[in-house]
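What's in input.csv: CSV, C-alpha atoms
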chain,number,residue,atom,x,y,z
A,260,MET,CA,-48.7,-65.9,-74.4
A,261,GLU,CA,-50.8,-65.4,-77.5
A,262,ASN,CA,-53.5,-63.9,-75.3
A,263,ILE,CA,-51.5,-60.7,-74.8
A,264,ASP,CA,-53.4,-57.7,-76.0
A,265,LEU,CA,-51.1,-56.0,-78.5
A,266,GLU,CA,-52.9,-52.7,-77.9
A,267,SER,CA,-51.5,-52.6,-74.4
A,268,LEU,CA,-47.9,-52.9,-75.7
A,269,ASN,CA,-45.6,-50.1,-76.7
A,270,GLY,CA,-43.8,-50.1,-80.1
A,271,GLU,CA,-40.7,-51.6,-78.8
A,272,GLN,CA,-42.5,-54.4,-77.1
A,273,ILE,CA,-44.5,-55.2,-80.2
A,274,ASN,CA,-41.2,-55.5,-82.1
A,275,PHE,CA,-39.8,-57.8,-79.4
A,276,MET,CA,-43.0,-59.9,-79.7
A,277,MET,CA,-42.4,-60.3,-83.4
A,278,ILE,CA,-38.8,-61.3,-82.8
A,279,LEU,CA,-39.8,-63.7,-80.1
A,280,HIS,CA,-42.3,-65.6,-82.2
A,281,SER,CA,-40.1,-65.6,-85.3
A,282,GLY,CA,-37.2,-66.7,-83.1
A,283,ASN,CA,-39.2,-69.6,-81.6
A,284,ALA,CA,-40.1,-70.7,-85.1
A,285,ARG,CA,-36.5,-70.4,-86.2
A,286,SER,CA,-35.3,-72.7,-83.5
A,287,LYS,CA,-38.0,-75.2,-84.3
A,288,VAL,CA,-37.1,-75.2,-88.0
A,289,MET,CA,-33.5,-75.9,-87.2
A,290,GLN,CA,-34.4,-78.5,-84.6
A,291,SER,CA,-36.7,-80.2,-87.2
A,292,LEU,CA,-33.7,-80.7,-89.6
A,293,ARG,CA,-31.7,-82.1,-86.7
A,294,GLU,CA,-34.4,-84.5,-85.7
A,295,TYR,CA,-34.7,-85.7,-89.3
A,296,ARG,CA,-31.0,-86.3,-89.3
A,297,GLU,CA,-31.4,-88.5,-86.2
A,298,GLY,CA,-34.1,-90.4,-88.0
A,299,ASN,CA,-37.0,-89.0,-86.0
A,300,VAL,CA,-39.2,-88.2,-89.0
A,301,GLU,CA,-42.4,-87.7,-87.1
A,302,GLU,CA,-40.8,-85.3,-84.6
A,303,ALA,CA,-39.3,-83.4,-87.5
A,304,ASP,CA,-42.7,-83.0,-89.2
A,305,HIS,CA,-44.3,-82.0,-85.9
A,306,LEU,CA,-41.7,-79.3,-85.2
A,307,LEU,CA,-42.3,-77.8,-88.6
A,308,VAL,CA,-46.1,-77.6,-87.9
A,309,GLN,CA,-45.3,-75.9,-84.6
A,310,ALA,CA,-42.9,-73.5,-86.4
A,311,GLU,CA,-45.7,-72.6,-88.7
A,312,ASP,CA,-48.0,-71.8,-85.8
A,313,ASP,CA,-45.3,-69.5,-84.3
A,314,LEU,CA,-44.8,-67.8,-87.6
A,315,LYS,CA,-48.6,-67.2,-87.9
A,316,VAL,CA,-48.5,-65.3,-84.6
A,317,ALA,CA,-45.5,-63.2,-85.8
A,318,HIS,CA,-47.1,-62.6,-89.1
A,319,GLU,CA,-50.3,-61.6,-87.5
A,320,ILE,CA,-48.5,-58.9,-85.5
A,321,HIS,CA,-46.8,-57.6,-88.6
A,322,PHE,CA,-50.1,-57.7,-90.6
A,323,LYS,CA,-51.8,-55.6,-87.9
A,324,MET,CA,-49.0,-53.0,-88.2
A,325,VAL,CA,-49.4,-52.8,-92.0
A,326,GLN,CA,-53.1,-52.5,-91.6
A,327,GLN,CA,-52.7,-49.7,-89.0
A,328,GLU,CA,-50.4,-47.8,-91.4
A,329,ALA,CA,-52.8,-48.3,-94.3
A,330,SER,CA,-55.6,-46.9,-92.3
A,331,GLY,CA,-53.7,-43.7,-91.9
A,332,GLU,CA,-52.3,-44.2,-88.4
A,333,LYS,CA,-48.6,-43.9,-88.7
A,334,VAL,CA,-46.4,-46.7,-87.3
A,335,GLU,CA,-43.4,-45.5,-85.5
A,336,PHE,CA,-40.3,-46.5,-87.4
A,337,ALA,CA,-37.3,-48.0,-85.6
A,338,LEU,CA,-34.2,-49.9,-86.5
A,339,LEU,CA,-35.6,-52.6,-84.2
A,340,LEU,CA,-38.7,-52.9,-86.4
A,341,MET,CA,-36.6,-53.4,-89.4
A,342,HIS,CA,-34.7,-56.0,-87.5
A,343,ALA,CA,-37.9,-57.7,-86.4
A,344,GLU,CA,-39.0,-57.8,-90.1
A,345,ASP,CA,-35.6,-59.4,-91.0
A,346,HIS,CA,-36.3,-62.1,-88.4
A,347,LEU,CA,-39.7,-62.8,-89.8
A,348,MET,CA,-38.8,-62.8,-93.4
A,349,SER,CA,-35.6,-64.9,-93.0
A,350,THR,CA,-37.5,-67.4,-90.9
A,351,LEU,CA,-40.3,-67.7,-93.4
A,352,THR,CA,-37.7,-68.5,-96.1
A,353,MET,CA,-36.0,-71.0,-93.9
A,354,LYS,CA,-39.3,-72.7,-93.1
A,355,GLU,CA,-40.3,-73.0,-96.8
A,356,LEU,CA,-36.9,-74.4,-97.7
A,357,VAL,CA,-36.7,-76.9,-94.9
A,358,LYS,CA,-40.2,-78.1,-95.7
A,359,GLU,CA,-39.2,-78.7,-99.3
A,360,MET,CA,-35.9,-80.3,-98.2
A,361,LEU,CA,-37.7,-82.8,-95.9
A,362,GLU,CA,-40.1,-83.7,-98.7
A,363,LEU,CA,-37.2,-84.2,-101.0
A,364,PHE,CA,-35.3,-86.4,-98.5
A,365,LYS,CA,-38.4,-88.5,-97.9
A,366,GLN,CA,-38.9,-89.0,-101.6
A,367,LYS,CA,-35.3,-90.0,-102.1
A,368,ASN,CA,-35.4,-92.2,-99.0
A,369,ILE,CA,-32.6,-90.4,-97.3
B,238,MET,CA,-19.3,-58.6,-59.8
B,239,LYS,CA,-21.8,-60.7,-61.6
B,240,ARG,CA,-21.1,-61.3,-65.2
B,241,ILE,CA,-24.0,-62.0,-67.4
B,242,LEU,CA,-23.7,-62.9,-71.1
B,243,LEU,CA,-26.6,-62.5,-73.5
B,244,ALA,CA,-26.6,-64.0,-76.9
B,245,CYS,CA,-28.9,-64.0,-79.9
B,246,SER,CA,-28.5,-64.4,-83.6
B,247,ALA,CA,-27.2,-61.0,-84.4
B,248,GLY,CA,-26.8,-59.6,-80.9
B,249,MET,CA,-29.2,-56.8,-81.6
B,250,SER,CA,-32.4,-57.6,-79.7
B,251,THR,CA,-30.4,-58.7,-76.7
B,252,SER,CA,-28.3,-55.5,-76.8
B,253,LEU,CA,-31.5,-53.6,-76.1
B,254,LEU,CA,-32.4,-56.1,-73.3
B,255,VAL,CA,-28.9,-55.4,-71.9
B,256,THR,CA,-29.7,-51.7,-71.6
B,257,LYS,CA,-33.0,-52.5,-69.8
B,258,MET,CA,-31.2,-54.9,-67.4
B,259,GLU,CA,-28.5,-52.4,-66.7
B,260,GLN,CA,-31.1,-49.8,-65.9
B,261,TYR,CA,-32.7,-52.2,-63.4
B,262,VAL,CA,-29.4,-53.2,-61.8
B,263,THR,CA,-28.5,-49.5,-61.3
B,264,SER,CA,-31.9,-48.8,-59.8
B,265,ILE,CA,-31.6,-51.4,-57.2
B,266,GLY,CA,-27.9,-50.5,-56.4
B,267,ASP,CA,-26.5,-53.8,-57.6
B,268,GLU,CA,-23.4,-54.2,-59.7
B,269,ALA,CA,-23.2,-56.4,-62.8
B,270,LYS,CA,-21.4,-56.6,-66.1
B,271,ILE,CA,-23.9,-57.5,-68.7
B,272,TRP,CA,-23.1,-57.7,-72.4
B,273,ALA,CA,-24.6,-59.1,-75.6
B,274,VAL,CA,-22.9,-61.0,-78.5
B,275,GLY,CA,-24.1,-62.7,-81.7
B,276,GLN,CA,-24.7,-66.4,-82.1
B,277,ASP,CA,-21.3,-67.1,-83.5
B,278,GLN,CA,-19.3,-65.4,-80.7
B,279,ALA,CA,-21.3,-67.0,-77.9
B,280,LYS,CA,-19.0,-70.1,-77.6
B,281,ALA,CA,-15.9,-68.0,-77.4
B,282,GLU,CA,-17.3,-65.5,-74.9
B,283,LEU,CA,-18.9,-67.7,-72.4
B,284,LYS,CA,-15.8,-68.4,-70.5
B,285,HIS,CA,-15.9,-64.8,-69.4
B,286,ALA,CA,-19.4,-65.1,-67.9
B,287,ASP,CA,-21.0,-66.4,-64.8
B,288,VAL,CA,-24.2,-67.2,-66.6
B,289,VAL,CA,-25.4,-67.2,-70.2
B,290,LEU,CA,-28.9,-66.3,-71.4
B,291,ILE,CA,-29.8,-66.9,-75.0
B,292,GLY,CA,-32.5,-65.6,-77.3
B,293,PRO,CA,-35.4,-67.7,-78.5
B,294,GLN,CA,-34.0,-67.7,-82.0
B,295,MET,CA,-31.1,-69.8,-80.9
B,296,SER,CA,-32.7,-72.1,-78.4
B,297,PHE,CA,-31.9,-75.0,-80.6
B,298,LEU,CA,-28.2,-74.4,-79.8
B,299,LYS,CA,-28.8,-74.6,-76.0
B,300,GLY,CA,-27.5,-78.1,-75.7
B,301,GLU,CA,-24.3,-77.4,-77.6
B,302,LEU,CA,-23.6,-74.2,-75.6
B,303,GLN,CA,-24.3,-75.9,-72.3
B,304,LYS,CA,-21.8,-78.6,-73.2
B,305,GLU,CA,-19.2,-76.0,-73.8
B,306,ALA,CA,-20.3,-74.1,-70.6
B,307,ASN,CA,-20.0,-77.2,-68.5
B,308,GLN,CA,-16.2,-76.9,-68.8
B,309,TYR,CA,-16.5,-73.6,-66.8
B,310,GLY,CA,-19.3,-74.7,-64.6
B,311,ILE,CA,-21.7,-72.1,-65.8
B,312,LYS,CA,-25.4,-72.4,-66.8
B,313,VAL,CA,-27.0,-71.6,-70.1
B,314,ASP,CA,-30.7,-71.0,-70.5
B,315,VAL,CA,-33.2,-69.5,-72.9
B,316,ILE,CA,-34.4,-66.1,-71.9
B,317,ASP,CA,-37.9,-66.4,-70.3
B,318,MET,CA,-40.5,-65.8,-73.1
B,319,MET,CA,-42.4,-63.1,-71.1
B,320,ALA,CA,-39.2,-61.3,-70.1
B,321,TYR,CA,-38.0,-61.3,-73.7
B,322,GLY,CA,-41.3,-60.5,-75.4
B,323,MET,CA,-41.9,-57.6,-73.1
B,324,ALA,CA,-38.3,-56.5,-73.1
B,325,ASP,CA,-38.4,-56.8,-69.3
B,326,GLY,CA,-35.0,-56.1,-67.8
B,327,LYS,CA,-36.0,-56.8,-64.3
B,328,LYS,CA,-37.4,-60.3,-65.1
B,329,ALA,CA,-34.4,-61.2,-67.3
B,330,TYR,CA,-32.0,-60.1,-64.5
B,331,GLU,CA,-33.9,-62.1,-61.9
B,332,GLN,CA,-33.7,-65.1,-64.2
B,333,ALA,CA,-29.9,-64.7,-64.5
B,334,LEU,CA,-29.6,-64.4,-60.7
B,335,LYS,CA,-31.7,-67.5,-60.2
B,336,LEU,CA,-29.5,-69.5,-62.6
B,337,MET,CA,-26.4,-68.3,-60.7
B,338,GLY,CA,-28.0,-69.5,-57.5
B,339,ASP,CA,-28.0,-66.0,-56.0
B,340,GLN,CA,-31.7,-65.8,-55.5
Show me the file's structure as structure tokens.
Amino acid sequence: MENIDLESLNGEQINFMMILHSGNARSKVMQSLREYREGNVEEADHLLVQAEDDLKVAHEIHFKMVQQEASGEKVEFALLLMHAEDHLMSTLTMKELVKEMLELFKQKNI
Amino acid sequence: MKRILLACSAGMSTSLLVTKMEQYVTSIGDEAKIWAVGQDQAKAELKHADVVLIGPQMSFLKGELQKEANQYGIKVDVIDMMAYGMADGKKAYEQALKLMGDQ
């Protein structure tokens, strides 16, 4: 999946790719909390690491778009792009918070 | 008439996929009702569908939804990653047919 050449995709597909990877991360972050609730601490940690990997891919796509615009090549604006950014940013926030929460739970032995 | 429900967190990305799927369905002369809803409406809507496809951002809810869908004997699955990432209506429609056992 990660081997897909972004150059070969159109704007809409790039946005979908960003939502896809952010979305996979979002599901893993939520699943991580649920695993912790069930007492599967190792699995919870593992899922968070995986979520970070997914977020890296989404972030990389976004970074390339920002770079492209900075280099003078205009990026086509679409509501879908804004939506994809929403996904990325909200999932980044979720991941940071859940990471902190799990550390807190571990520290307090809950 | 096949009824396919798509669900994702806000119902936005899947709305676009619905359009792509509808275009494909028309192009092959099939008939299907395909619509998208947000994460919170999925449970209430699924009784009107023959199959439910969900976005990757809510794959953690698949178990819950499938439990609800079992009452109506329908299947719930996460949209194929390639179909979703490439906004591929044909692939998504074929996945839905396969889940319904039509293909």
Closest contacts (chain A/chain B, max 7 Å, all atoms listed in the file) as a tab-separated table:
residue	atom	partner	partner_atom	distance
A:Gln272	CA	B:Met323	CA	5.2
A:Phe275	CA	B:Gly322	CA	5.1
A:Met276	CA	B:Gly322	CA	4.7
A:Leu279	CA	B:Gly322	CA	5.9
A:Gly282	CA	B:Gln294	CA	3.5
A:Asn283	CA	B:Pro293	CA	5.3
A:Arg285	CA	B:Gln294	CA	5.6
A:Ser286	CA	B:Phe297	CA	5.0
A:Met289	CA	B:Phe297	CA	6.9
A:Gln290	CA	B:Phe297	CA	5.9
**OP:** Please return, as a count of residues only, all polymer residues that have at least one atom within 6 Å of the point (-27.1, -60.2, -76.8); use only C-alpha atoms and the file's own coordinate frame.
**Re:** 8
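Around B:Gly326, within 7 Å and counting only C-alpha atoms, the residues found are Leu254, Lys257, Met258, Tyr261, Ala329 and Tyr330 of chain B, once anything fewer than 3 positions away on its own chain is removed.
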Subject >> From B:Ala286, B:Val255, B:Leu334, B:Ile316, residue lying nearest B:Trp272 [only C-alpha atoms] >> reply: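 Answer, going by the shortest atom-to-atom distance: B:Val255.
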**OP:** Tell me, in Å to one decimal, how far atom CA of A:Ile273 is from atom CA of A:Met341.
**Re:**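 Computed distance, atom CA of A:Ile273 to atom CA of A:Met341, equals 12.3 Å.
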What are the centre and edge lengths in Å, to one decimal, of the axis-aligned box around all listed atoms of stretch 282-295 of chain B with 8 Å added on each side, as AutoDock Vina command-line options?
--center_x -25.6 --center_y -67.3 --center_z -73.4 --size_x 35.6 --size_y 21.0 --size_z 33.2
Original post:
Which of these, B:Tyr309, B:Gly300, B:Gln260, B:Asp267, has the shortest distance to B:Lys284 once you count all atoms listed in the file?
Top reply: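 Using all atoms listed in the file, the shortest distance to B:Lys284 belongs to B:Tyr309.
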Can you pull out the residues contacting A:Ser291? Cut-off 6 Å, using only C-alpha atoms, and skip same-chain residues under 4 positions away; I want them as a PDB file with C-alpha atoms, in the coordinates of the input.
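Output below, filename part_11.pdb:
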ATOM      1  CA  LYS A 287     -38.000 -75.200 -84.300  1.00  0.00           C
ATOM      2  CA  ALA A 303     -39.300 -83.400 -87.500  1.00  0.00           C
ATOM      3  CA  LEU A 306     -41.700 -79.300 -85.200  1.00  0.00           C
TER       4      LEU A 306
END
Original post:
Hey, what's within 7 Å of stretch 316-324 of chain A if we count only C-alpha atoms and toss same-chain stuff fewer than 5 positions away? As a ChimeraX atom specification, please?
Top reply: /A:277,280-281,334
**OP:** Might you pull out every residue within 9 Å of A:Leu351, with all atoms listed in the file counted and same-chain residues fewer than 3 positions away left off, and present them as a list in words?
**Re:**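 Once the adjacent positions are removed, what remains is Ser281, Ala284, Arg285, Glu311, Leu314, His346, Leu347, Met348, Lys354, Glu355 and Leu356 of chain A.
Note that atom CA of A:Leu338 and atom CA of B:Glu331 are 27.5 Å apart.
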Subject >> Shell of 12 Å around A:Glu362, all atoms listed in the file, local chain residues under 3 positions omitted, as a PyMOL selection string >> reply: chain A and resi 292+295+300+303-304+307+355-359+365-369
**OP:** Quote the spacing between atom CA of B:Thr256 and atom CA of B:Lys327 in Å to one decimal place.
**Re:**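 One can read the atom CA of B:Thr256 to atom CA of B:Lys327 distance as 10.9 Å.
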